[in-house]
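Content type mmCIF, C-alpha atoms; chains and numbers go by the auth columns, from the file structure32.cif:
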data_target
#
loop_
_atom_site.group_PDB
_atom_site.id
_atom_site.type_symbol
_atom_site.label_atom_id
_atom_site.label_comp_id
_atom_site.label_asym_id
_atom_site.label_seq_id
_atom_site.Cartn_x
_atom_site.Cartn_y
_atom_site.Cartn_z
_atom_site.B_iso_or_equiv
_atom_site.auth_seq_id
_atom_site.auth_asym_id
ATOM 1 C CA MET A 1 4.144 -19.596 -8.316 0.00 2 H
ATOM 2 C CA ASP A 2 5.417 -22.809 -6.832 0.00 3 H
ATOM 3 C CA GLY A 3 3.835 -24.749 -9.699 0.00 4 H
ATOM 4 C CA VAL A 4 0.808 -25.619 -7.555 0.00 5 H
ATOM 5 C CA GLY A 5 -0.664 -22.274 -6.538 0.00 6 H
ATOM 6 C CA VAL A 6 -2.794 -19.740 -8.302 0.00 7 H
ATOM 7 C CA ALA A 7 -1.995 -16.050 -8.622 0.00 8 H
ATOM 8 C CA LEU A 8 -4.873 -13.683 -7.981 0.00 9 H
ATOM 9 C CA PRO A 9 -4.868 -10.127 -9.255 0.00 10 H
ATOM 10 C CA GLY A 10 -6.758 -7.781 -7.018 0.00 11 H
ATOM 11 C CA ALA A 11 -7.494 -4.110 -6.825 0.00 12 H
ATOM 12 C CA ARG A 12 -7.519 -2.047 -3.671 0.00 13 H
ATOM 13 C CA TYR A 13 -9.671 0.830 -4.860 0.00 14 H
ATOM 14 C CA GLY A 14 -12.961 -1.031 -5.087 0.00 15 H
ATOM 15 C CA ASN A 15 -12.764 -2.052 -1.445 0.00 16 H
ATOM 16 C CA TYR A 16 -15.183 -4.915 -2.015 0.00 17 H
ATOM 17 C CA GLY A 17 -15.252 -7.011 1.114 0.00 18 H
ATOM 18 C CA TRP A 18 -13.513 -4.569 3.425 0.00 19 H
ATOM 19 C CA GLY A 19 -14.851 -5.387 6.853 0.00 20 H
ATOM 20 C CA GLY A 20 -14.249 -1.993 8.421 0.00 21 H
ATOM 21 C CA VAL A 21 -11.617 -1.216 11.010 0.00 22 H
ATOM 22 C CA ASP A 22 -12.043 -4.468 12.910 0.00 23 H
ATOM 23 C CA GLY A 23 -12.912 -6.770 10.011 0.00 24 H
ATOM 24 C CA PRO A 24 -10.538 -8.797 7.887 0.00 25 H
ATOM 25 C CA ALA A 25 -9.063 -7.302 4.712 0.00 26 H
ATOM 26 C CA PRO A 26 -10.277 -8.862 1.452 0.00 27 H
ATOM 27 C CA ILE A 27 -8.228 -11.793 0.197 0.00 28 H
ATOM 28 C CA GLY A 28 -6.894 -9.735 -2.727 0.00 29 H
ATOM 29 C CA SER A 29 -6.091 -6.561 -0.775 0.00 30 H
ATOM 30 C CA CYS A 30 -2.340 -7.152 -1.229 0.00 31 H
ATOM 31 C CA GLY A 31 -2.811 -7.174 -5.016 0.00 32 H
ATOM 32 C CA LEU A 32 -1.299 -10.625 -5.607 0.00 33 H
ATOM 33 C CA ALA A 33 -1.581 -13.832 -3.607 0.00 34 H
ATOM 34 C CA ARG A 34 -0.508 -17.447 -4.031 0.00 35 H
ATOM 35 C CA PHE A 35 -2.663 -20.317 -2.834 0.00 36 H
ATOM 36 C CA SER A 36 -1.733 -23.790 -1.647 0.00 37 H
ATOM 37 C CA PRO A 37 -3.348 -26.901 -3.189 0.00 38 H
ATOM 38 C CA ASP A 38 -5.972 -26.789 -0.408 0.00 39 H
ATOM 39 C CA LEU A 39 -6.748 -23.145 -1.348 0.00 40 H
ATOM 40 C CA GLN A 40 -5.122 -21.522 1.670 0.00 41 H
ATOM 41 C CA VAL A 41 -3.179 -18.308 1.099 0.00 42 H
ATOM 42 C CA ASP A 42 0.495 -19.266 1.451 0.00 43 H
ATOM 43 C CA TRP A 43 2.101 -16.072 0.115 0.00 44 H
ATOM 44 C CA ARG A 44 1.010 -12.450 -0.218 0.00 45 H
ATOM 45 C CA PHE A 45 2.653 -9.617 -2.138 0.00 46 H
ATOM 46 C CA PRO A 46 4.603 -7.516 0.360 0.00 47 H
ATOM 47 C CA SER A 47 3.481 -4.023 1.282 0.00 48 H
ATOM 48 C CA HIS A 48 5.210 -0.904 -0.023 0.00 49 H
ATOM 49 C CA VAL A 49 7.183 -0.800 3.228 0.00 50 H
ATOM 50 C CA ASP A 50 8.668 -4.226 2.544 0.00 51 H
ATOM 51 C CA ASN A 51 9.739 -3.869 -1.104 0.00 52 H
ATOM 52 C CA PRO A 52 11.301 -1.157 -3.257 0.00 53 H
ATOM 53 C CA TRP A 53 8.720 -1.555 -6.063 0.00 54 H
ATOM 54 C CA GLY A 54 5.782 -0.283 -4.038 0.00 55 H
ATOM 55 C CA ALA A 55 2.380 -1.680 -3.253 0.00 56 H
ATOM 56 C CA ILE A 56 0.033 -2.980 -5.918 0.00 57 H
ATOM 57 C CA SER A 57 -2.758 -0.428 -6.122 0.00 58 H
ATOM 58 C CA ASP A 58 -4.255 -2.072 -9.218 0.00 59 H
ATOM 59 C CA CYS A 59 -2.806 -5.078 -11.042 0.00 60 H
ATOM 60 C CA TYR A 60 -2.931 -4.082 -14.719 0.00 61 H
ATOM 61 C CA ALA A 61 -0.979 -7.001 -16.218 0.00 62 H
ATOM 62 C CA LEU A 62 -0.270 -10.467 -14.843 0.00 63 H
ATOM 63 C CA ASN A 63 1.618 -13.323 -16.473 0.00 64 H
ATOM 64 C CA VAL A 64 2.038 -16.674 -14.744 0.00 65 H
ATOM 65 C CA ASP A 65 4.472 -19.089 -16.356 0.00 66 H
ATOM 66 C CA ALA A 66 5.350 -22.344 -14.571 0.00 67 H
ATOM 67 C CA ASP A 67 6.639 -21.287 -11.129 0.00 68 H
ATOM 68 C CA THR A 68 7.103 -17.577 -11.840 0.00 69 H
ATOM 69 C CA ALA A 69 4.632 -14.698 -11.866 0.00 70 H
ATOM 70 C CA TRP A 70 5.233 -11.373 -13.606 0.00 71 H
ATOM 71 C CA THR A 71 3.187 -8.252 -12.973 0.00 72 H
ATOM 72 C CA CYS A 72 3.002 -4.611 -13.990 0.00 73 H
ATOM 73 C CA TYR A 73 0.830 -2.468 -11.769 0.00 74 H
ATOM 74 C CA TYR A 74 -0.451 0.976 -10.924 0.00 75 H
ATOM 75 C CA THR A 75 0.853 3.514 -9.878 0.00 76 H
ATOM 76 C CA ASP A 76 4.393 3.584 -11.293 0.00 77 H
ATOM 77 C CA PHE A 77 4.032 0.476 -13.516 0.00 78 H
ATOM 78 C CA PRO A 78 7.214 -1.358 -12.562 0.00 79 H
ATOM 79 C CA ILE A 79 7.790 -4.803 -14.045 0.00 80 H
ATOM 80 C CA VAL A 80 8.105 -7.221 -11.133 0.00 81 H
ATOM 81 C CA ARG A 81 8.991 -10.921 -11.207 0.00 82 H
ATOM 82 C CA VAL A 82 7.943 -13.129 -8.300 0.00 83 H
ATOM 83 C CA HIS A 83 9.863 -16.404 -8.049 0.00 84 H
ATOM 84 C CA ASP A 84 9.885 -18.528 -4.878 0.00 85 H
ATOM 85 C CA GLY A 85 8.393 -15.556 -3.032 0.00 86 H
ATOM 86 C CA ALA A 86 11.322 -13.280 -3.926 0.00 87 H
ATOM 87 C CA LEU A 87 10.769 -10.071 -5.910 0.00 88 H
ATOM 88 C CA THR A 88 12.977 -8.754 -8.692 0.00 89 H
ATOM 89 C CA GLY A 89 11.923 -5.562 -10.389 0.00 90 H
ATOM 90 C CA TRP A 90 12.662 -3.167 -13.185 0.00 91 H
ATOM 91 C CA ASP A 91 11.403 0.332 -13.853 0.00 92 H
ATOM 92 C CA GLY A 92 8.890 0.123 -16.704 0.00 93 H
ATOM 93 C CA ASP A 93 8.395 2.642 -19.468 0.00 94 H
ATOM 94 C CA GLY A 94 5.475 4.361 -17.722 0.00 95 H
ATOM 95 C CA ALA A 95 2.919 2.541 -19.867 0.00 96 H
ATOM 96 C CA ALA A 96 -0.284 1.150 -18.426 0.00 97 H
ATOM 97 C CA PRO A 97 -0.193 -2.282 -20.088 0.00 98 H
ATOM 98 C CA ARG A 98 -3.116 -4.695 -20.133 0.00 99 H
ATOM 99 C CA ALA A 99 -0.798 -7.655 -20.740 0.00 100 H
ATOM 100 C CA LEU A 100 2.867 -8.542 -20.658 0.00 101 H
ATOM 101 C CA ILE A 101 4.897 -11.346 -22.190 0.00 102 H
ATOM 102 C CA THR A 102 8.454 -12.361 -21.384 0.00 103 H
ATOM 103 C CA ASP A 103 11.120 -14.960 -21.961 0.00 104 H
ATOM 104 C CA GLY A 104 12.957 -13.933 -18.790 0.00 105 H
ATOM 105 C CA SER A 105 15.185 -11.208 -20.206 0.00 106 H
ATOM 106 C CA ARG A 106 13.111 -9.743 -23.048 0.00 107 H
ATOM 107 C CA VAL A 107 9.680 -8.344 -22.337 0.00 108 H
ATOM 108 C CA ALA A 108 6.832 -6.828 -24.302 0.00 109 H
ATOM 109 C CA LEU A 109 4.061 -4.718 -22.796 0.00 110 H
ATOM 110 C CA TYR A 110 0.720 -4.618 -24.602 0.00 111 H
ATOM 111 C CA GLY A 111 -1.824 -1.837 -24.316 0.00 112 H
ATOM 112 C CA GLY A 112 -2.182 1.486 -22.634 0.00 113 H
ATOM 113 C CA TYR A 113 -4.575 4.357 -22.310 0.00 114 H
ATOM 114 C CA SER A 114 -6.598 5.768 -25.243 0.00 115 H
ATOM 115 C CA ALA A 115 -4.539 5.834 -28.446 0.00 116 H
ATOM 116 C CA ASP A 116 -2.064 3.327 -26.963 0.00 117 H
ATOM 117 C CA ARG A 117 -4.665 0.604 -26.482 0.00 118 H
ATOM 118 C CA ASP A 118 -3.093 -1.569 -29.224 0.00 119 H
ATOM 119 C CA ARG A 119 0.540 -0.577 -28.609 0.00 120 H
ATOM 120 C CA LEU A 120 3.234 -3.211 -28.046 0.00 121 H
ATOM 121 C CA VAL A 121 6.490 -1.972 -26.527 0.00 122 H
ATOM 122 C CA ALA A 122 9.298 -4.537 -26.619 0.00 123 H
ATOM 123 C CA GLY A 123 12.499 -4.228 -24.653 0.00 124 H
ATOM 124 C CA GLN A 124 15.282 -5.771 -22.654 0.00 125 H
ATOM 125 C CA LEU A 125 15.381 -6.049 -18.866 0.00 126 H
ATOM 126 C CA ALA A 126 18.778 -4.825 -17.683 0.00 127 H
ATOM 127 C CA ASP A 127 20.305 -2.692 -14.950 0.00 128 H
ATOM 128 C CA GLY A 128 17.007 -2.278 -13.096 0.00 129 H
ATOM 129 C CA LYS A 129 15.150 -0.856 -16.110 0.00 130 H
ATOM 130 C CA MET A 130 13.220 -1.936 -19.142 0.00 131 H
ATOM 131 C CA ARG A 131 15.235 -0.680 -22.096 0.00 132 H
ATOM 132 C CA SER A 132 12.745 -0.123 -24.904 0.00 133 H
ATOM 133 C CA ARG A 133 13.932 -1.565 -28.239 0.00 134 H
ATOM 134 C CA GLY A 134 10.847 -1.054 -30.365 0.00 135 H
ATOM 135 C CA GLU A 135 7.254 0.076 -30.433 0.00 136 H
ATOM 136 C CA TYR A 136 4.630 -1.574 -32.612 0.00 137 H
ATOM 137 C CA ARG A 137 0.868 -1.658 -33.194 0.00 138 H
ATOM 138 C CA VAL A 138 -0.868 -5.018 -32.874 0.00 139 H
ATOM 139 C CA VAL A 139 -3.319 -5.629 -35.717 0.00 140 H
ATOM 140 C CA LEU A 140 -5.178 -8.612 -37.112 0.00 141 H
ATOM 141 C CA PRO A 141 -3.479 -10.687 -39.865 0.00 142 H
ATOM 142 C CA GLY A 142 -5.225 -8.656 -42.603 0.00 143 H
ATOM 143 C CA GLY A 143 -4.027 -5.364 -41.079 0.00 144 H
ATOM 144 C CA GLU A 144 -7.359 -4.458 -39.476 0.00 145 H
ATOM 145 C CA GLU A 145 -7.459 -2.956 -35.998 0.00 146 H
ATOM 146 C CA LEU A 146 -8.213 -5.307 -33.134 0.00 147 H
ATOM 147 C CA PRO A 147 -11.876 -5.195 -32.128 0.00 148 H
ATOM 148 C CA GLY A 148 -12.443 -3.035 -29.069 0.00 149 H
ATOM 149 C CA ASP A 149 -13.758 -6.032 -27.137 0.00 150 H
ATOM 150 C CA ALA A 150 -10.812 -8.350 -27.943 0.00 151 H
ATOM 151 C CA ARG A 151 -9.367 -10.075 -24.857 0.00 152 H
ATOM 152 C CA VAL A 152 -5.571 -9.962 -24.711 0.00 153 H
ATOM 153 C CA ILE A 153 -3.726 -12.214 -22.265 0.00 154 H
ATOM 154 C CA GLY A 154 -0.016 -12.835 -21.724 0.00 155 H
ATOM 155 C CA ARG A 155 1.235 -16.284 -20.715 0.00 156 H
ATOM 156 C CA GLY A 156 4.981 -16.885 -20.761 0.00 157 H
ATOM 157 C CA PRO A 157 6.313 -15.563 -24.064 0.00 158 H
ATOM 158 C CA ASP A 158 2.898 -15.757 -25.773 0.00 159 H
ATOM 159 C CA LEU A 159 0.366 -12.982 -26.288 0.00 160 H
ATOM 160 C CA HIS A 160 -3.094 -14.505 -26.803 0.00 161 H
ATOM 161 C CA ILE A 161 -5.686 -12.379 -28.591 0.00 162 H
ATOM 162 C CA LEU A 162 -9.273 -13.604 -28.417 0.00 163 H
ATOM 163 C CA THR A 163 -11.966 -12.077 -30.609 0.00 164 H
ATOM 164 C CA ASP A 164 -15.595 -13.156 -30.964 0.00 165 H
ATOM 165 C CA THR A 165 -14.661 -15.818 -33.518 0.00 166 H
ATOM 166 C CA ASP A 166 -10.884 -16.307 -33.491 0.00 167 H
ATOM 167 C CA TRP A 167 -7.895 -16.966 -31.255 0.00 168 H
ATOM 168 C CA TYR A 168 -4.548 -15.524 -32.296 0.00 169 H
ATOM 169 C CA ARG A 169 -1.130 -16.043 -30.708 0.00 170 H
ATOM 170 C CA LEU A 170 1.936 -13.825 -30.964 0.00 171 H
ATOM 171 C CA ASP A 171 5.173 -15.297 -29.615 0.00 172 H
ATOM 172 C CA LEU A 172 7.800 -12.890 -28.287 0.00 173 H
ATOM 173 C CA SER A 173 10.324 -14.459 -30.669 0.00 174 H
ATOM 174 C CA GLN A 174 8.179 -13.072 -33.532 0.00 175 H
ATOM 175 C CA VAL A 175 8.660 -9.502 -32.273 0.00 176 H
ATOM 176 C CA PRO A 176 11.831 -7.955 -33.747 0.00 177 H
ATOM 177 C CA ALA A 177 14.550 -7.383 -31.149 0.00 178 H
ATOM 178 C CA GLU A 178 15.323 -4.063 -32.874 0.00 179 H
ATOM 179 C CA PRO A 179 12.971 -2.081 -35.162 0.00 180 H
#
Show me the file's structure as structure tokens.
Amino acid sequence: MDGVGVALPGARYGNYGWGGVDGPAPIGSCGLARFSPDLQVDWRFPSHVDNPWGAISDCYALNVDADTAWTCYYTDFPIVRVHDGALTGWDGDGAAPRALITDGSRVALYGGYSADRDRLVAGQLADGKMRSRGEYRVVLPGGEELPGDARVIGRGPDLHILTDTDWYRLDLSQVPAEP
């Protein structure tokens, strides 16, 4: 997030590595951490007491672009930007996205539970909320559904879709601003 570090998504519910009452918490217990070039933790996501967007219970979507990290996490699925250690957040649309893409003011959330697994919700970040501007289904170029095992990753404004044999890219500028 400072151009040198690495963001690490982590989940609290698995409790892997918890050392008990007296032991150290796992490195990812805060949900998101930044590392220095010598792999020392130099920033940790603040607890729910220290930020209005709540603690990261499970990091569903993470996007790291240059010196900024974006995340959308369980339980309330806010969209939170981390830049120079400072948080800025917006209420999400309640979706449980697997990936997010953004250009800084527009955002698109990919995925969700069950029937929404291939949903793409695009919107504008304004006034502390994501204002949904359109909902779409992501399909392969021929119109076929994405394979169930496709990997979908957001980096900057690009949604990368990896299947067994192909790599597709959807740029946020290709998503209509209005349906």
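In terms of minimum interatomic distance to Trp71 (chain H), H:Asp104 ranks closest within H:Asp104, H:Asp128, H:Asp165, H:Asp172, counting only C-alpha atoms.
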Using the file's own x, y and z axes, so that the box edges lie along x, y and z, what centre and edge lengths in Å (one decimal) does a box around every listed atom of region 95-108 of chain H get when 6 Å is added on each side? Give it as AutoDock Vina command-line options.
--center_x 6.0 --center_y -5.3 --center_z -20.4 --size_x 30.3 --size_y 31.3 --size_z 17.3
Computed interatomic separation between CA of Glu179 (chain H) and CA of Arg134 (chain H) (Å) |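 These atoms are spaced 5.4 Å apart.
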Identify, on the basis of all atoms listed in the file, every residue whose closest approach to Leu147 (chain H) does not exceed 9 Å; exclude the query and any residue fewer than 6 positions from it along the same chain; express the result as number ranges by chain.
-> H: 119, 139-141, 162, 164
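For the choices H:Leu126, H:Val81, H:Val42, H:Cys31, the atom-to-atom distance to Trp54 (chain H) is smallest for H:Val81 when using all atoms listed in the file.
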With all atoms listed in the file as the counted atoms, please give the residues lying no more than 10 Å from Gly105 (chain H), apart from itself and same-chain residues fewer than 2 positions off, as a compact mmCIF listing (two decimals) with C-alpha atoms, in the coordinates of the input.
# COMPACT_ATOMS: atom_id res chain seq x y z
CA THR H 69 7.10 -17.58 -11.84
CA TRP H 71 5.23 -11.37 -13.61
CA ARG H 82 8.99 -10.92 -11.21
CA ILE H 102 4.90 -11.35 -22.19
CA THR H 103 8.45 -12.36 -21.38
CA ARG H 107 13.11 -9.74 -23.05
CA VAL H 108 9.68 -8.34 -22.34
CA GLN H 125 15.28 -5.77 -22.65
CA LEU H 126 15.38 -6.05 -18.87
CA GLY H 157 4.98 -16.89 -20.76
CA PRO H 158 6.31 -15.56 -24.06
Quick one: residues within 7 Å of region 91-99 of chain H, all atoms listed in the file counted, chain neighbours fewer than 5 positions away excluded, as a list in words?
->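 Returned residues: Tyr61, Ala62, Asp77, Phe78, Pro79, Ile80, Val81, Leu110, Tyr111, Gly112, Gly113, Tyr114, Leu126, Gly129, Lys130 and Met131 of chain H.
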Store the residues picked out above in a file with C-alpha atoms, as a short mmCIF file (atom, residue, chain, number, x, y, z; two decimals), in the coordinates of the input.
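What ended up in result-v9.cif:
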data_model
loop_
_atom_site.label_atom_id
_atom_site.label_comp_id
_atom_site.auth_asym_id
_atom_site.auth_seq_id
_atom_site.Cartn_x
_atom_site.Cartn_y
_atom_site.Cartn_z
CA TYR H 61 -2.93 -4.08 -14.72
CA ALA H 62 -0.98 -7.00 -16.22
CA ASP H 77 4.39 3.58 -11.29
CA PHE H 78 4.03 0.48 -13.52
CA PRO H 79 7.21 -1.36 -12.56
CA ILE H 80 7.79 -4.80 -14.04
CA VAL H 81 8.10 -7.22 -11.13
CA LEU H 110 4.06 -4.72 -22.80
CA TYR H 111 0.72 -4.62 -24.60
CA GLY H 112 -1.82 -1.84 -24.32
CA GLY H 113 -2.18 1.49 -22.63
CA TYR H 114 -4.58 4.36 -22.31
CA LEU H 126 15.38 -6.05 -18.87
CA GLY H 129 17.01 -2.28 -13.10
CA LYS H 130 15.15 -0.86 -16.11
CA MET H 131 13.22 -1.94 -19.14
#
May I ask for the distance between CA of Leu160 (chain H) and CA of Phe46 (chain H), given in Å to one decimal place?
->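 According to the coordinates, CA of Leu160 (chain H) and CA of Phe46 (chain H) are separated by 24.5 Å.
Taking CA of Leu33 (chain H) and CA of Val153 (chain H) as endpoints, the distance between them is 19.6 Å.
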Tell me which protein, DNA and RNA residues are within 10 Å of Arg45 (chain H), counting only C-alpha atoms, leaving out same-chain ones fewer than 2 positions away, and put them as an mmCIF file with C-alpha atoms, keeping the file's coordinate frame.
data_model
loop_
_atom_site.group_PDB
_atom_site.id
_atom_site.type_symbol
_atom_site.label_atom_id
_atom_site.label_comp_id
_atom_site.auth_asym_id
_atom_site.auth_seq_id
_atom_site.Cartn_x
_atom_site.Cartn_y
_atom_site.Cartn_z
ATOM 1 C CA ALA H 8 -1.995 -16.050 -8.622
ATOM 2 C CA LEU H 9 -4.873 -13.683 -7.981
ATOM 3 C CA ILE H 28 -8.228 -11.793 0.197
ATOM 4 C CA GLY H 29 -6.894 -9.735 -2.727
ATOM 5 C CA SER H 30 -6.091 -6.561 -0.775
ATOM 6 C CA CYS H 31 -2.340 -7.152 -1.229
ATOM 7 C CA GLY H 32 -2.811 -7.174 -5.016
ATOM 8 C CA LEU H 33 -1.299 -10.625 -5.607
ATOM 9 C CA ALA H 34 -1.581 -13.832 -3.607
ATOM 10 C CA ARG H 35 -0.508 -17.447 -4.031
ATOM 11 C CA PHE H 36 -2.663 -20.317 -2.834
ATOM 12 C CA VAL H 42 -3.179 -18.308 1.099
ATOM 13 C CA ASP H 43 0.495 -19.266 1.451
ATOM 14 C CA PRO H 47 4.603 -7.516 0.360
ATOM 15 C CA SER H 48 3.481 -4.023 1.282
ATOM 16 C CA GLY H 86 8.393 -15.556 -3.032
#
Choose the residue, out of H:Cys73, H:Gly135, H:Ala109, H:Asn52, that has the smallest atom-to-atom separation from Leu88 (chain H); count all atoms listed in the file.
-> H:Asn52
Check the smallest atom-to-atom distance from each of H:Trp44, H:Gln175, H:Asp39, H:Arg118 to Asp150 (chain H) using all atoms listed in the file, then report the winner.
->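 Between H:Trp44, H:Gln175, H:Asp39, H:Arg118, the residue approaching Asp150 (chain H) most closely is H:Arg118.
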Applying 8 Å and only C-alpha atoms, which residues near Asn64 (chain H) remain after dropping the ones on its own chain fewer than 6 positions away? List them as a PDB file with C-alpha atoms, in the frame of the given file.
ATOM      1  CA  ALA H  70       4.632 -14.698 -11.866  1.00  0.00           C
ATOM      2  CA  TRP H  71       5.233 -11.373 -13.606  1.00  0.00           C
ATOM      3  CA  THR H  72       3.187  -8.252 -12.973  1.00  0.00           C
ATOM      4  CA  ALA H 100      -0.798  -7.655 -20.740  1.00  0.00           C
ATOM      5  CA  LEU H 101       2.867  -8.542 -20.658  1.00  0.00           C
ATOM      6  CA  ILE H 102       4.897 -11.346 -22.190  1.00  0.00           C
ATOM      7  CA  ILE H 154      -3.726 -12.214 -22.265  1.00  0.00           C
ATOM      8  CA  GLY H 155      -0.016 -12.835 -21.724  1.00  0.00           C
ATOM      9  CA  ARG H 156       1.235 -16.284 -20.715  1.00  0.00           C
ATOM     10  CA  GLY H 157       4.981 -16.885 -20.761  1.00  0.00           C
TER      11      GLY H 157
END
H:Tyr137, H:Asp159, H:Asp167, H:Ala178: which is nearest Gly124 (chain H), counting all atoms listed in the file?
->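 Closest to Gly124 (chain H) of all the choices is H:Ala178.
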Please fill the gaps in region 139-157 of chain H so it has N, CA and C atoms, and write that as an mmCIF file, keeping the file's coordinate frame.
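Contents of the output file out.cif:
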data_model
loop_
_atom_site.group_PDB
_atom_site.id
_atom_site.type_symbol
_atom_site.label_atom_id
_atom_site.label_comp_id
_atom_site.auth_asym_id
_atom_site.auth_seq_id
_atom_site.Cartn_x
_atom_site.Cartn_y
_atom_site.Cartn_z
ATOM 1 N N VAL H 139 -0.371 -3.663 -32.664
ATOM 2 C CA VAL H 139 -0.868 -5.018 -32.874
ATOM 3 C C VAL H 139 -2.145 -4.907 -33.702
ATOM 4 N N VAL H 140 -2.165 -5.610 -34.819
ATOM 5 C CA VAL H 140 -3.319 -5.629 -35.717
ATOM 6 C C VAL H 140 -3.647 -7.074 -36.064
ATOM 7 N N LEU H 141 -4.794 -7.279 -36.643
ATOM 8 C CA LEU H 141 -5.178 -8.612 -37.112
ATOM 9 C C LEU H 141 -4.350 -8.979 -38.347
ATOM 10 N N PRO H 142 -4.305 -10.267 -38.725
ATOM 11 C CA PRO H 142 -3.479 -10.687 -39.865
ATOM 12 C C PRO H 142 -3.727 -9.906 -41.156
ATOM 13 N N GLY H 143 -4.931 -9.432 -41.396
ATOM 14 C CA GLY H 143 -5.225 -8.656 -42.603
ATOM 15 C C GLY H 143 -4.907 -7.172 -42.468
ATOM 16 N N GLY H 144 -4.369 -6.760 -41.306
ATOM 17 C CA GLY H 144 -4.027 -5.364 -41.079
ATOM 18 C C GLY H 144 -5.115 -4.556 -40.400
ATOM 19 N N GLU H 145 -6.274 -5.178 -40.137
ATOM 20 C CA GLU H 145 -7.359 -4.458 -39.476
ATOM 21 C C GLU H 145 -7.032 -4.265 -37.991
ATOM 22 N N GLU H 146 -7.603 -3.190 -37.431
ATOM 23 C CA GLU H 146 -7.459 -2.956 -35.998
ATOM 24 C C GLU H 146 -8.088 -4.098 -35.217
ATOM 25 N N LEU H 147 -7.577 -4.330 -34.012
ATOM 26 C CA LEU H 147 -8.213 -5.307 -33.134
ATOM 27 C C LEU H 147 -9.578 -4.780 -32.727
ATOM 28 N N PRO H 148 -10.570 -5.650 -32.624
ATOM 29 C CA PRO H 148 -11.876 -5.195 -32.128
ATOM 30 C C PRO H 148 -11.726 -4.632 -30.712
ATOM 31 N N GLY H 149 -12.519 -3.657 -30.387
ATOM 32 C CA GLY H 149 -12.443 -3.035 -29.069
ATOM 33 C C GLY H 149 -12.698 -3.995 -27.924
ATOM 34 N N ASP H 150 -13.444 -5.079 -28.193
ATOM 35 C CA ASP H 150 -13.758 -6.032 -27.137
ATOM 36 C C ASP H 150 -12.846 -7.266 -27.158
ATOM 37 N N ALA H 151 -11.753 -7.218 -27.915
ATOM 38 C CA ALA H 151 -10.812 -8.350 -27.943
ATOM 39 C C ALA H 151 -10.189 -8.512 -26.555
ATOM 40 N N ARG H 152 -10.048 -9.756 -26.121
ATOM 41 C CA ARG H 152 -9.367 -10.075 -24.857
ATOM 42 C C ARG H 152 -7.922 -10.375 -25.195
ATOM 43 N N VAL H 153 -6.996 -9.760 -24.476
ATOM 44 C CA VAL H 153 -5.571 -9.962 -24.711
ATOM 45 C C VAL H 153 -4.939 -10.416 -23.403
ATOM 46 N N ILE H 154 -4.265 -11.576 -23.459
ATOM 47 C CA ILE H 154 -3.726 -12.214 -22.265
ATOM 48 C C ILE H 154 -2.293 -12.635 -22.542
ATOM 49 N N GLY H 155 -1.395 -12.381 -21.614
ATOM 50 C CA GLY H 155 -0.016 -12.835 -21.724
ATOM 51 C C GLY H 155 0.216 -14.062 -20.864
ATOM 52 N N ARG H 156 0.833 -15.085 -21.449
ATOM 53 C CA ARG H 156 1.235 -16.284 -20.715
ATOM 54 C C ARG H 156 2.612 -16.687 -21.222
ATOM 55 N N GLY H 157 3.609 -16.602 -20.339
ATOM 56 C CA GLY H 157 4.981 -16.885 -20.761
ATOM 57 C C GLY H 157 5.353 -15.930 -21.873
#
